[in-house]
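Chemist: Below you'll find work_3.txt; it's compact mmCIF, C-alpha atoms.
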```txt
# COMPACT_ATOMS: atom_id res chain seq x y z
CA MET A 1 135.82 -10.30 2.38
CA SER A 2 135.72 -7.48 4.88
CA GLU A 3 138.28 -7.08 7.64
CA ILE A 4 137.24 -7.06 11.26
CA LEU A 5 138.01 -3.72 12.79
CA VAL A 6 137.41 -4.69 16.40
CA PRO A 7 140.31 -5.73 18.67
CA TYR A 8 140.99 -9.22 19.98
CA HIS A 9 139.50 -8.64 23.43
CA TYR A 10 136.36 -6.91 22.08
CA ALA A 11 134.06 -9.76 23.15
CA LYS A 12 135.52 -9.76 26.66
CA SER A 13 135.73 -6.02 27.28
CA VAL A 14 133.23 -4.23 29.49
CA PHE A 15 133.01 -0.45 29.34
CA ILE A 16 132.05 1.05 32.71
CA ASN A 17 130.47 4.46 32.38
CA CYS A 18 129.83 5.74 35.87
CA PRO A 19 130.45 8.74 38.12
CA PHE A 20 134.01 9.21 39.35
CA ASP A 21 133.17 10.81 42.69
CA LYS A 22 134.28 9.43 46.07
CA ASP A 23 130.72 8.43 47.08
CA TYR A 24 130.42 6.14 44.07
CA GLU A 25 133.84 4.48 44.53
CA PRO A 26 132.62 1.44 46.57
CA LEU A 27 130.10 0.61 43.84
CA PHE A 28 132.61 1.21 41.06
CA TYR A 29 135.23 -1.04 42.63
CA ALA A 30 132.61 -3.74 43.32
CA ILE A 31 131.62 -3.69 39.63
CA VAL A 32 135.28 -3.80 38.53
CA PHE A 33 135.98 -6.75 40.83
CA THR A 34 132.89 -8.62 39.56
CA ILE A 35 133.98 -8.21 35.95
CA ARG A 36 137.53 -9.31 36.79
CA ASP A 37 136.20 -12.31 38.72
CA LEU A 38 134.20 -13.38 35.66
CA GLU A 39 137.50 -13.25 33.72
CA LEU A 40 136.41 -10.32 31.60
CA LYS A 41 138.21 -7.04 31.06
CA PRO A 42 136.82 -3.92 32.77
CA ARG A 43 137.60 -0.67 30.97
CA SER A 44 136.91 2.86 32.03
CA ALA A 45 137.82 6.39 30.97
CA ARG A 46 139.65 6.53 34.33
CA HIS A 47 142.58 4.45 33.18
CA VAL A 48 143.17 6.05 29.81
CA ASN A 49 146.14 8.22 30.69
CA ASP A 50 146.92 9.75 27.33
CA GLY A 51 146.87 13.41 28.35
CA GLY A 52 147.21 14.66 24.79
CA GLN A 53 144.05 12.97 23.63
CA PRO A 54 140.74 14.82 24.01
CA ARG A 55 138.48 13.12 26.54
CA ILE A 56 135.70 12.49 24.02
CA ASN A 57 138.13 10.55 21.79
CA LYS A 58 139.08 8.29 24.70
CA ILE A 59 135.42 7.57 25.36
CA LEU A 60 134.67 6.94 21.69
CA ASP A 61 137.57 4.45 21.56
CA LEU A 62 136.27 2.66 24.63
CA VAL A 63 132.73 2.50 23.24
CA GLU A 64 134.04 1.10 19.96
CA ASN A 65 136.33 -1.48 21.57
CA CYS A 66 133.98 -2.97 24.17
CA LYS A 67 131.17 -5.40 23.48
CA PHE A 68 129.56 -4.86 26.88
CA GLY A 69 128.62 -1.49 28.34
CA ILE A 70 127.50 -0.63 31.87
CA HIS A 71 126.00 2.83 32.17
CA ASP A 72 125.09 4.17 35.58
CA ILE A 73 122.69 7.08 35.29
CA SER A 74 122.07 7.39 39.02
CA ARG A 75 123.89 10.76 39.32
CA THR A 76 121.26 12.89 37.65
CA GLU A 77 120.49 14.95 40.73
CA LEU A 78 120.99 18.70 40.56
CA ASP A 79 124.41 19.91 41.56
CA PRO A 80 124.02 21.84 44.86
CA ILE A 81 126.44 24.58 43.72
CA HIS A 82 125.38 25.16 40.11
CA GLY A 83 121.83 23.79 40.22
CA LEU A 84 122.42 21.73 37.07
CA PRO A 85 122.40 17.94 36.54
CA ARG A 86 125.39 15.87 35.24
CA PHE A 87 124.86 14.90 31.60
CA ASN A 88 128.04 12.89 30.99
CA MET A 89 126.64 9.44 31.73
CA PRO A 90 123.46 9.75 29.61
CA PHE A 91 125.57 11.26 26.81
CA GLU A 92 127.96 8.29 26.81
CA LEU A 93 125.00 5.91 26.96
CA GLY A 94 123.71 7.61 23.82
CA LEU A 95 127.07 7.11 22.12
CA ASP A 96 126.98 3.40 22.96
CA VAL A 97 123.42 2.99 21.68
CA GLY A 98 124.41 4.85 18.51
CA CYS A 99 127.48 2.63 18.05
CA ARG A 100 125.29 -0.47 18.22
CA ARG A 101 122.92 0.98 15.62
CA TYR A 102 125.34 2.66 13.22
CA GLY A 103 128.64 0.85 13.87
CA THR A 104 130.13 -2.00 11.86
CA SER A 105 128.43 -5.41 11.68
CA ASP A 106 130.52 -6.49 14.69
CA HIS A 107 128.90 -3.83 16.82
CA ARG A 108 125.39 -5.21 16.26
CA ASP A 109 125.96 -7.67 19.09
CA LYS A 110 126.76 -4.98 21.66
CA VAL A 111 125.05 -5.52 24.99
CA LEU A 112 124.18 -2.65 27.32
CA LEU A 113 123.13 -2.49 30.95
CA ILE A 114 121.70 0.67 32.43
CA LEU A 115 121.99 1.03 36.18
CA ASP A 116 120.06 3.39 38.38
CA THR A 117 119.30 3.70 42.07
CA GLU A 118 115.64 2.78 41.50
CA ARG A 119 114.24 0.64 38.73
CA ASP A 120 111.64 3.00 37.19
CA ARG A 121 113.18 6.35 38.07
CA TYR A 122 114.53 6.84 34.51
CA ARG A 123 110.96 7.27 33.17
CA THR A 124 110.82 10.78 34.63
CA PHE A 125 113.97 12.10 32.93
CA ILE A 126 115.01 9.79 30.03
CA SER A 127 111.99 7.76 28.99
CA ASP A 128 113.43 7.09 25.49
CA ILE A 129 115.61 4.31 26.88
CA ALA A 130 112.60 2.15 27.82
CA GLY A 131 113.04 -1.40 26.55
CA GLN A 132 116.75 -1.60 27.37
CA ASP A 133 118.17 -3.69 30.24
CA ILE A 134 117.60 -1.40 33.21
CA ALA A 135 118.40 -2.56 36.71
CA ALA A 136 118.60 -1.02 40.16
CA HIS A 137 121.50 -1.47 42.56
CA ASN A 138 119.88 0.55 45.38
CA GLY A 139 123.24 2.18 46.01
CA ARG A 140 124.71 -1.03 47.50
CA ALA A 141 127.79 -2.97 46.36
CA GLU A 142 126.03 -6.32 46.88
CA GLY A 143 123.18 -5.22 44.60
CA ALA A 144 125.56 -3.94 41.93
CA ILE A 145 127.52 -7.21 41.96
CA SER A 146 124.49 -9.45 41.54
CA VAL A 147 122.93 -7.18 38.89
CA VAL A 148 126.13 -7.15 36.80
CA ARG A 149 126.68 -10.89 37.24
CA ASP A 150 123.07 -11.77 36.30
CA TRP A 151 123.25 -9.50 33.27
CA LEU A 152 126.50 -11.01 31.98
CA ARG A 153 125.58 -14.65 32.66
CA PRO A 154 123.45 -15.33 29.51
CA HIS A 155 126.19 -13.87 27.31
CA LEU A 156 128.97 -16.11 28.63
CA ASN A 157 129.51 -19.64 27.42
CA PRO A 158 129.49 -21.88 30.53
CA SER A 159 131.99 -24.25 28.91
CA LEU A 160 134.48 -21.38 28.65
CA PHE A 161 133.72 -19.28 31.72
CA LYS A 162 133.28 -20.17 35.36
CA ILE A 163 130.20 -18.26 36.44
CA PRO A 164 129.82 -18.11 40.23
CA SER A 165 126.66 -16.77 41.87
CA GLY A 166 126.34 -13.13 42.91
CA ALA A 167 126.59 -14.13 46.57
CA THR A 168 129.85 -16.01 45.93
CA ILE A 169 131.38 -13.05 44.12
CA TYR A 170 130.27 -10.74 46.92
CA SER A 171 131.84 -12.94 49.61
CA ARG A 172 135.07 -13.06 47.56
CA TYR A 173 134.94 -9.28 47.21
CA GLN A 174 134.58 -8.93 50.97
CA LYS A 175 137.64 -11.14 51.48
CA PHE A 176 139.53 -9.07 48.93
CA GLN A 177 138.56 -5.91 50.80
CA LEU A 178 139.90 -7.42 54.02
CA ASP A 179 143.22 -8.18 52.32
CA LEU A 180 143.55 -4.84 50.57
CA PRO A 181 144.65 -2.70 53.59
CA SER A 182 147.57 -4.96 54.48
CA TYR A 183 148.51 -5.20 50.77
CA CYS A 184 148.59 -1.40 50.54
CA HIS A 185 150.51 -1.20 53.82
CA ARG A 186 153.18 -3.57 52.53
CA LEU A 187 153.60 -1.49 49.37
CA ARG A 188 153.37 1.80 51.32
CA TRP A 189 150.32 2.89 49.32
CA ASP A 190 147.51 5.08 50.55
CA LEU A 191 144.36 2.98 50.60
CA ASP A 192 142.08 6.04 50.50
CA ASN A 193 143.76 7.38 47.37
CA LEU A 194 144.29 4.13 45.51
CA SER A 195 144.48 4.72 41.76
CA PHE A 196 142.34 2.73 39.35
CA ALA A 197 145.46 1.09 37.85
CA ASP A 198 146.71 -0.04 41.27
CA PHE A 199 143.27 -1.40 42.17
CA MET A 200 143.11 -3.33 38.91
CA TRP A 201 146.50 -4.94 39.50
CA ALA A 202 145.61 -5.74 43.10
CA ALA A 203 142.36 -7.41 42.00
CA TYR A 204 144.20 -9.28 39.25
CA ASP A 205 146.82 -10.63 41.67
CA TRP A 206 144.25 -11.50 44.33
CA ILE A 207 142.04 -13.43 41.88
CA LYS A 208 145.10 -15.25 40.58
CA ASP A 209 146.05 -16.30 44.12
CA ASN A 210 142.46 -17.16 45.08
CA PRO A 211 140.97 -18.99 42.10
CA LEU A 212 137.34 -20.09 42.20
CA MET B 14 147.53 -36.80 4.95
CA LYS B 15 146.93 -36.28 8.63
CA SER B 16 143.29 -36.65 9.59
CA SER B 17 141.64 -33.60 11.14
CA THR B 18 140.36 -35.80 13.96
CA ALA B 19 143.79 -37.19 14.81
CA ARG B 20 144.82 -37.38 18.45
CA LYS B 21 146.56 -34.20 19.55
CA THR B 22 148.55 -35.96 22.26
CA LYS B 23 150.22 -39.36 22.34
CA LYS B 24 148.66 -42.07 24.47
CA ASN B 25 151.31 -41.85 27.15
CA GLN B 26 151.57 -38.07 27.00
CA THR B 27 149.93 -35.82 29.58
CA PRO B 28 147.18 -33.82 27.86
CA THR B 29 147.95 -30.13 27.66
CA LEU B 30 145.51 -27.65 29.07
CA MET B 31 144.25 -24.91 26.79
CA THR B 32 143.80 -21.35 27.86
CA LEU B 33 140.66 -19.42 26.96
CA ARG B 34 142.70 -17.41 24.50
CA GLU B 35 143.79 -20.57 22.73
CA THR B 36 140.21 -21.85 22.63
CA GLU B 37 138.98 -18.60 21.15
CA ALA B 38 141.65 -18.76 18.50
CA ILE B 39 140.16 -21.99 17.15
CA THR B 40 136.51 -20.96 17.39
CA VAL B 41 134.66 -20.23 14.16
CA ARG B 42 131.34 -18.41 14.42
CA VAL B 43 128.35 -18.24 12.10
CA TYR B 44 126.01 -15.34 12.76
CA LEU B 45 123.61 -12.99 11.08
CA CYS B 46 124.79 -9.53 10.14
CA ARG B 47 123.54 -6.85 7.78
CA GLU B 48 125.21 -8.41 4.75
CA GLY B 49 123.78 -11.90 5.45
CA TRP B 50 124.99 -14.93 7.35
CA CYS B 51 128.70 -14.48 7.92
CA VAL B 52 131.44 -16.90 8.83
CA ARG B 53 134.02 -15.44 11.13
CA ASP B 54 137.12 -16.78 12.79
CA VAL B 55 139.19 -14.93 15.36
CA HIS B 56 141.03 -12.86 12.74
CA ALA B 57 138.44 -11.83 10.16
CA ILE B 58 135.07 -12.36 8.53
CA ARG B 59 135.72 -15.10 6.01
CA SER B 60 132.57 -15.04 3.88
CA PHE B 61 128.92 -14.00 3.62
CA HIS B 62 126.12 -16.37 2.65
CA ARG B 63 122.41 -16.12 1.87
CA THR B 64 121.40 -18.96 4.18
CA GLN B 65 122.55 -20.13 7.58
CA ALA B 66 123.01 -23.68 6.28
CA GLU B 67 125.46 -22.51 3.60
CA ALA B 68 127.37 -20.47 6.16
CA ALA B 69 127.42 -23.38 8.61
CA GLU B 70 128.84 -25.66 5.94
CA LYS B 71 131.63 -23.20 5.16
CA GLY B 72 132.26 -22.66 8.89
CA ARG B 73 132.36 -26.40 9.46
CA ALA B 74 135.05 -26.78 6.81
CA ILE B 75 137.17 -24.05 8.41
CA ALA B 76 136.68 -25.43 11.93
CA ARG B 77 137.57 -28.93 10.75
CA LYS B 78 140.74 -27.60 9.16
CA LEU B 79 141.65 -25.82 12.39
CA SER B 80 140.69 -28.85 14.50
CA GLY B 81 138.65 -26.28 16.37
CA GLN B 82 135.01 -25.66 17.15
CA LEU B 83 132.06 -24.08 15.38
CA ALA B 84 129.45 -21.89 17.08
CA ILE B 85 126.24 -21.39 15.12
CA HIS B 86 124.30 -18.37 16.35
CA ASP B 87 120.58 -17.89 15.82
CA ARG B 88 118.97 -14.71 14.45
CA LYS B 89 119.02 -13.11 17.89
CA GLY B 90 122.72 -13.79 18.32
CA HIS B 91 122.47 -16.58 20.89
CA VAL B 92 124.58 -19.65 20.27
CA ARG B 93 122.21 -22.33 18.91
CA LYS B 94 124.70 -25.11 18.42
CA TRP B 95 128.31 -25.94 19.20
CA GLU B 96 130.17 -28.39 16.98
CA VAL B 97 133.57 -29.58 18.10
CA PHE B 98 136.15 -30.97 15.70
CA TRP B 99 138.83 -32.46 17.88
CA SER B 100 139.28 -35.89 19.30
CA GLY B 101 142.22 -35.55 21.66
CA PRO B 102 141.70 -34.40 25.24
CA ARG B 103 141.57 -30.63 25.41
CA ALA B 104 140.66 -29.34 28.84
CA LEU B 105 140.20 -25.66 29.42
CA LYS B 106 142.53 -23.62 31.56
CA SER B 107 141.06 -20.27 32.34
CA SER B 108 143.19 -17.36 33.42
CA PRO B 109 142.28 -13.76 34.19
CA ILE B 110 143.17 -11.17 31.56
CA ARG B 111 146.08 -8.97 32.61
CA PRO B 112 145.42 -5.23 32.87
CA GLU B 113 146.77 -3.58 29.73
CA PHE B 114 148.59 -0.76 31.52
CA ARG B 115 151.84 -1.00 33.47
CA PRO B 116 151.86 -0.61 37.25
CA VAL B 117 153.04 2.86 38.20
CA ASN B 118 153.61 2.90 41.95
CA ALA B 119 155.50 -0.38 42.41
CA THR B 120 157.18 -3.05 40.35
CA ARG B 121 155.29 -6.19 39.39
CA LYS B 122 157.65 -8.26 41.48
CA GLU B 123 156.95 -6.21 44.61
CA MET B 124 153.22 -6.36 43.99
CA ARG B 125 153.20 -10.13 43.46
CA GLU B 126 155.27 -10.70 46.59
CA ALA B 127 153.06 -8.40 48.68
CA MET B 128 149.87 -10.11 47.55
CA LYS B 129 151.29 -13.58 48.12
CA ALA B 130 152.39 -12.61 51.62
CA VAL B 131 148.97 -11.11 52.44
CA VAL B 132 147.09 -14.17 51.20
CA ARG B 133 149.49 -16.48 53.06
CA GLU B 134 148.95 -14.51 56.29
CA ARG B 135 145.17 -14.60 55.94
CA ARG B 136 145.14 -18.33 55.26
CA ALA B 137 147.32 -18.97 58.29
CA LEU B 138 144.99 -16.90 60.42
CA GLU B 139 141.94 -18.76 59.08
CA ALA B 140 143.60 -22.11 59.81
CA GLN B 141 144.44 -20.93 63.33
CA GLN B 142 140.84 -19.85 63.93
CA LYS B 143 139.55 -23.23 62.75
CA GLN B 144 141.74 -25.02 65.25
```
Spit out the file's structure as structure tokens when you get a sec.
Modeler:
Amino acid sequence: MSEILVPYHYAKSVFINCPFDKDYEPLFYAIVFTIRDLELKPRSARHVNDGGQPRINKILDLVENCKFGIHDISRTELDPIHGLPRFNMPFELGLDVGCRRYGTSDHRDKVLLILDTERDRYRTFISDIAGQDIAAHNGRAEGAISVVRDWLRPHLNPSLFKIPSGATIYSRYQKFQLDLPSYCHRLRWDLDNLSFADFMWAAYDWIKDNPL
Amino acid sequence: MKSSTARKTKKNQTPTLMTLRETEAITVRVYLCREGWCVRDVHAIRSFHRTQAEAAEKGRAIARKLSGQLAIHDRKGHVRKWEVFWSGPRALKSSPIRPEFRPVNATRKEMREAMKAVVRERRALEAQQKQ
């Protein structure tokens, strides 16, 4: 008998590997809200606050502890200052693919989604990933929500999870966005500099008060 | 000996709702892994078998003992069949998973109160607009 090495929430955890810049924030928060609304657990390197731990170890832990992985490789443009592309996202995607192949028997059921701005753009710079689930969000929150929802739907048991349509989640997200400024105002928080932890708690409370 | 299919609630008792966590705790899964067909409950892999039928039989016995449910996965990992081993009413009560980190910039109480007030305000406004 072999012991399971994966944590309790493994089958409900979704690792979000995406850029952390300001331009990407609306998409990132839309994806986080979608995952929360489907009663799953979004996880990102953003909220691992252990300063003493090397960053790569945090990412390896997240890859190991999440069944689902969303990898956005849309930020592969050249940096205007250095003239070099960002390799972090494709690198972490590689780690996740490797974990599925070489991890324990529990990791064989890992499910990955690769997001990009356009559907076939990846062929020009990372053609080895052909055959994976690759979807385009066109840089819009609505697109990201429906892509993530449609990708997760076949993996969720309808008798255990309420699975609303992408449009329903998007309209709920819009309502949440309308409530967020007054929520931040009441708590004297800065909406423009909202931390990932605060956003997660806000989304958690809002979903609890506005069930499907 | 108490039967595994005994009622979980008395006839005049209100049936209790189960959370997703509770449902998962009584779910036994049979799926294919490198070592063969394995039987797994929420805590550990219980055994490996050469055929799916053997694994399903073992899983069925565990699920029956737990008064839980058995999920038989196919080779691709999709659930092929659910078998439920309870007779009493067991409705599901889903609840969102709490974030694992503590709030930093406010207490939980303040956050809950703020969100409740915001939602209350919005609902009042919506009701006013409808009228």
Chemist: Could you list as an NGL selection string every residue that has an atom within 12 Å of (133.5, -6.7, 43.6), using the file's coordinates and counting all atoms listed in the file?
Modeler: :A and (25-38 or 42 or 140-149 or 166-177 or 199-200 or 203-204 or 206-207)
Chemist: Take the residues that were just selected and, keeping C-alpha atoms, output them as a PDB file, in the coordinates of the input.
Modeler:
```pdb
ATOM      1  CA  GLU A  25     133.840   4.480  44.530  1.00  0.00           C
ATOM      2  CA  PRO A  26     132.620   1.440  46.570  1.00  0.00           C
ATOM      3  CA  LEU A  27     130.100   0.610  43.840  1.00  0.00           C
ATOM      4  CA  PHE A  28     132.610   1.210  41.060  1.00  0.00           C
ATOM      5  CA  TYR A  29     135.230  -1.040  42.630  1.00  0.00           C
ATOM      6  CA  ALA A  30     132.610  -3.740  43.320  1.00  0.00           C
ATOM      7  CA  ILE A  31     131.620  -3.690  39.630  1.00  0.00           C
ATOM      8  CA  VAL A  32     135.280  -3.800  38.530  1.00  0.00           C
ATOM      9  CA  PHE A  33     135.980  -6.750  40.830  1.00  0.00           C
ATOM     10  CA  THR A  34     132.890  -8.620  39.560  1.00  0.00           C
ATOM     11  CA  ILE A  35     133.980  -8.210  35.950  1.00  0.00           C
ATOM     12  CA  ARG A  36     137.530  -9.310  36.790  1.00  0.00           C
ATOM     13  CA  ASP A  37     136.200 -12.310  38.720  1.00  0.00           C
ATOM     14  CA  LEU A  38     134.200 -13.380  35.660  1.00  0.00           C
ATOM     15  CA  PRO A  42     136.820  -3.920  32.770  1.00  0.00           C
ATOM     16  CA  ARG A 140     124.710  -1.030  47.500  1.00  0.00           C
ATOM     17  CA  ALA A 141     127.790  -2.970  46.360  1.00  0.00           C
ATOM     18  CA  GLU A 142     126.030  -6.320  46.880  1.00  0.00           C
ATOM     19  CA  GLY A 143     123.180  -5.220  44.600  1.00  0.00           C
ATOM     20  CA  ALA A 144     125.560  -3.940  41.930  1.00  0.00           C
ATOM     21  CA  ILE A 145     127.520  -7.210  41.960  1.00  0.00           C
ATOM     22  CA  SER A 146     124.490  -9.450  41.540  1.00  0.00           C
ATOM     23  CA  VAL A 147     122.930  -7.180  38.890  1.00  0.00           C
ATOM     24  CA  VAL A 148     126.130  -7.150  36.800  1.00  0.00           C
ATOM     25  CA  ARG A 149     126.680 -10.890  37.240  1.00  0.00           C
ATOM     26  CA  GLY A 166     126.340 -13.130  42.910  1.00  0.00           C
ATOM     27  CA  ALA A 167     126.590 -14.130  46.570  1.00  0.00           C
ATOM     28  CA  THR A 168     129.850 -16.010  45.930  1.00  0.00           C
ATOM     29  CA  ILE A 169     131.380 -13.050  44.120  1.00  0.00           C
ATOM     30  CA  TYR A 170     130.270 -10.740  46.920  1.00  0.00           C
ATOM     31  CA  SER A 171     131.840 -12.940  49.610  1.00  0.00           C
ATOM     32  CA  ARG A 172     135.070 -13.060  47.560  1.00  0.00           C
ATOM     33  CA  TYR A 173     134.940  -9.280  47.210  1.00  0.00           C
ATOM     34  CA  GLN A 174     134.580  -8.930  50.970  1.00  0.00           C
ATOM     35  CA  LYS A 175     137.640 -11.140  51.480  1.00  0.00           C
ATOM     36  CA  PHE A 176     139.530  -9.070  48.930  1.00  0.00           C
ATOM     37  CA  GLN A 177     138.560  -5.910  50.800  1.00  0.00           C
ATOM     38  CA  PHE A 199     143.270  -1.400  42.170  1.00  0.00           C
ATOM     39  CA  MET A 200     143.110  -3.330  38.910  1.00  0.00           C
ATOM     40  CA  ALA A 203     142.360  -7.410  42.000  1.00  0.00           C
ATOM     41  CA  TYR A 204     144.200  -9.280  39.250  1.00  0.00           C
ATOM     42  CA  TRP A 206     144.250 -11.500  44.330  1.00  0.00           C
ATOM     43  CA  ILE A 207     142.040 -13.430  41.880  1.00  0.00           C
TER      44      ILE A 207
END
```
Chemist: Sort by chain and increasing residue number a table of all residues of chain B within 10 Å of chain A, each with its closest pair of atoms and their distance in Å to one decimal, counting all atoms listed in the file, and write it as a tab-separated table.
Modeler:
```
residue	atom	partner	partner_atom	distance
B:Thr32	CA	A:Leu160	CA	9.4
B:Leu33	CA	A:Leu160	CA	6.7
B:Arg34	CA	A:His9	CA	9.4
B:Thr36	CA	A:Leu160	CA	8.3
B:Glu37	CA	A:Leu160	CA	9.2
B:Ala38	CA	A:Tyr8	CA	9.7
B:Tyr44	CA	A:Asp109	CA	9.9
B:Leu45	CA	A:Ser105	CA	9.0
B:Cys46	CA	A:Ser105	CA	5.7
B:Arg47	CA	A:Ser105	CA	6.4
B:Glu48	CA	A:Ser105	CA	8.2
B:Cys51	CA	A:Ser105	CA	9.8
B:Arg53	CA	A:Ile4	CA	9.0
B:Asp54	CA	A:Ile4	CA	9.8
B:Val55	CA	A:Tyr8	CA	7.6
B:His56	CA	A:Ile4	CA	7.1
B:Ala57	CA	A:Ile4	CA	5.0
B:Ile58	CA	A:Ser2	CA	6.1
B:Arg59	CA	A:Met1	CA	6.0
B:Ser60	CA	A:Met1	CA	5.9
B:Phe61	CA	A:Met1	CA	7.9
B:Lys89	CA	A:Asp109	CA	8.9
B:Gly90	CA	A:Asp109	CA	7.0
B:His91	CA	A:His155	CA	7.9
B:Val92	CA	A:Asn157	CA	8.7
B:Leu105	CA	A:Leu160	CA	7.2
B:Lys106	CA	A:Leu160	CA	8.8
B:Ser107	CA	A:Phe161	CA	7.4
B:Ser108	CA	A:Glu39	CA	7.0
B:Pro109	CA	A:Glu39	CA	4.8
B:Ile110	CA	A:Glu39	CA	6.4
B:Arg111	CA	A:Tyr204	CA	6.9
B:Pro112	CA	A:Trp201	CA	6.7
B:Glu113	CA	A:Lys41	CA	9.3
B:Phe114	CA	A:Ala197	CA	7.3
B:Arg115	CA	A:Ala197	CA	8.0
B:Pro116	CA	A:Asp198	CA	6.6
B:Val117	CA	A:Asp198	CA	7.6
B:Asn118	CA	A:Asp198	CA	7.5
B:Ala119	CA	A:Leu187	CA	7.3
B:Thr120	CA	A:Leu187	CA	9.8
B:Arg121	CA	A:Trp201	CA	8.9
B:Glu123	CA	A:Leu187	CA	7.5
B:Met124	CA	A:Leu187	CA	7.3
B:Arg125	CA	A:Asp205	CA	6.6
B:Glu126	CA	A:Arg186	CA	9.5
B:Ala127	CA	A:Tyr183	CA	5.9
B:Met128	CA	A:Tyr183	CA	6.0
B:Lys129	CA	A:Asp209	CA	7.1
B:Ala130	CA	A:Tyr183	CA	8.4
B:Val131	CA	A:Tyr183	CA	6.2
B:Val132	CA	A:Asp179	CA	7.2
B:Arg133	CA	A:Asp209	CA	9.6
B:Glu134	CA	A:Asp179	CA	9.4
B:Arg135	CA	A:Asp179	CA	7.6
```
Chemist: In Å, how far is it from CA of Ala45 (chain A) to CA of Lys22 (chain A)?
Modeler: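 Distance reported for this atom pair: 15.8 Å.
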Chemist: In Å, rounded to a single decimal, give me how far CA of Glu92 (chain A) is from CA of Arg55 (chain A).
Modeler: 11.6 Å
Chemist: Write out as a PyMOL selection string which residues come within 10 Å of region 79-87 of chain B when counting all atoms listed in the file, dropping same-chain ones fewer than 6 positions away.
Modeler: chain B and resi 16-19+21+35-45+50+52-54+65-66+68-69+72-73+93-101
Chemist: Residues near region 69-84 of chain A, anyone? I mean within 7 Å using only C-alpha atoms, not counting same-chain ones fewer than 4 positions away, as a PyMOL selection string.
Modeler: chain A and resi 14-19+89-90+93+111-117
Chemist: Enter the distance from CA of Leu95 (chain A) to CA of Glu64 (chain A), in Å, rounded to one decimal.
Modeler: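 One can read the CA of Leu95 (chain A) to CA of Glu64 (chain A) distance as 9.5 Å.
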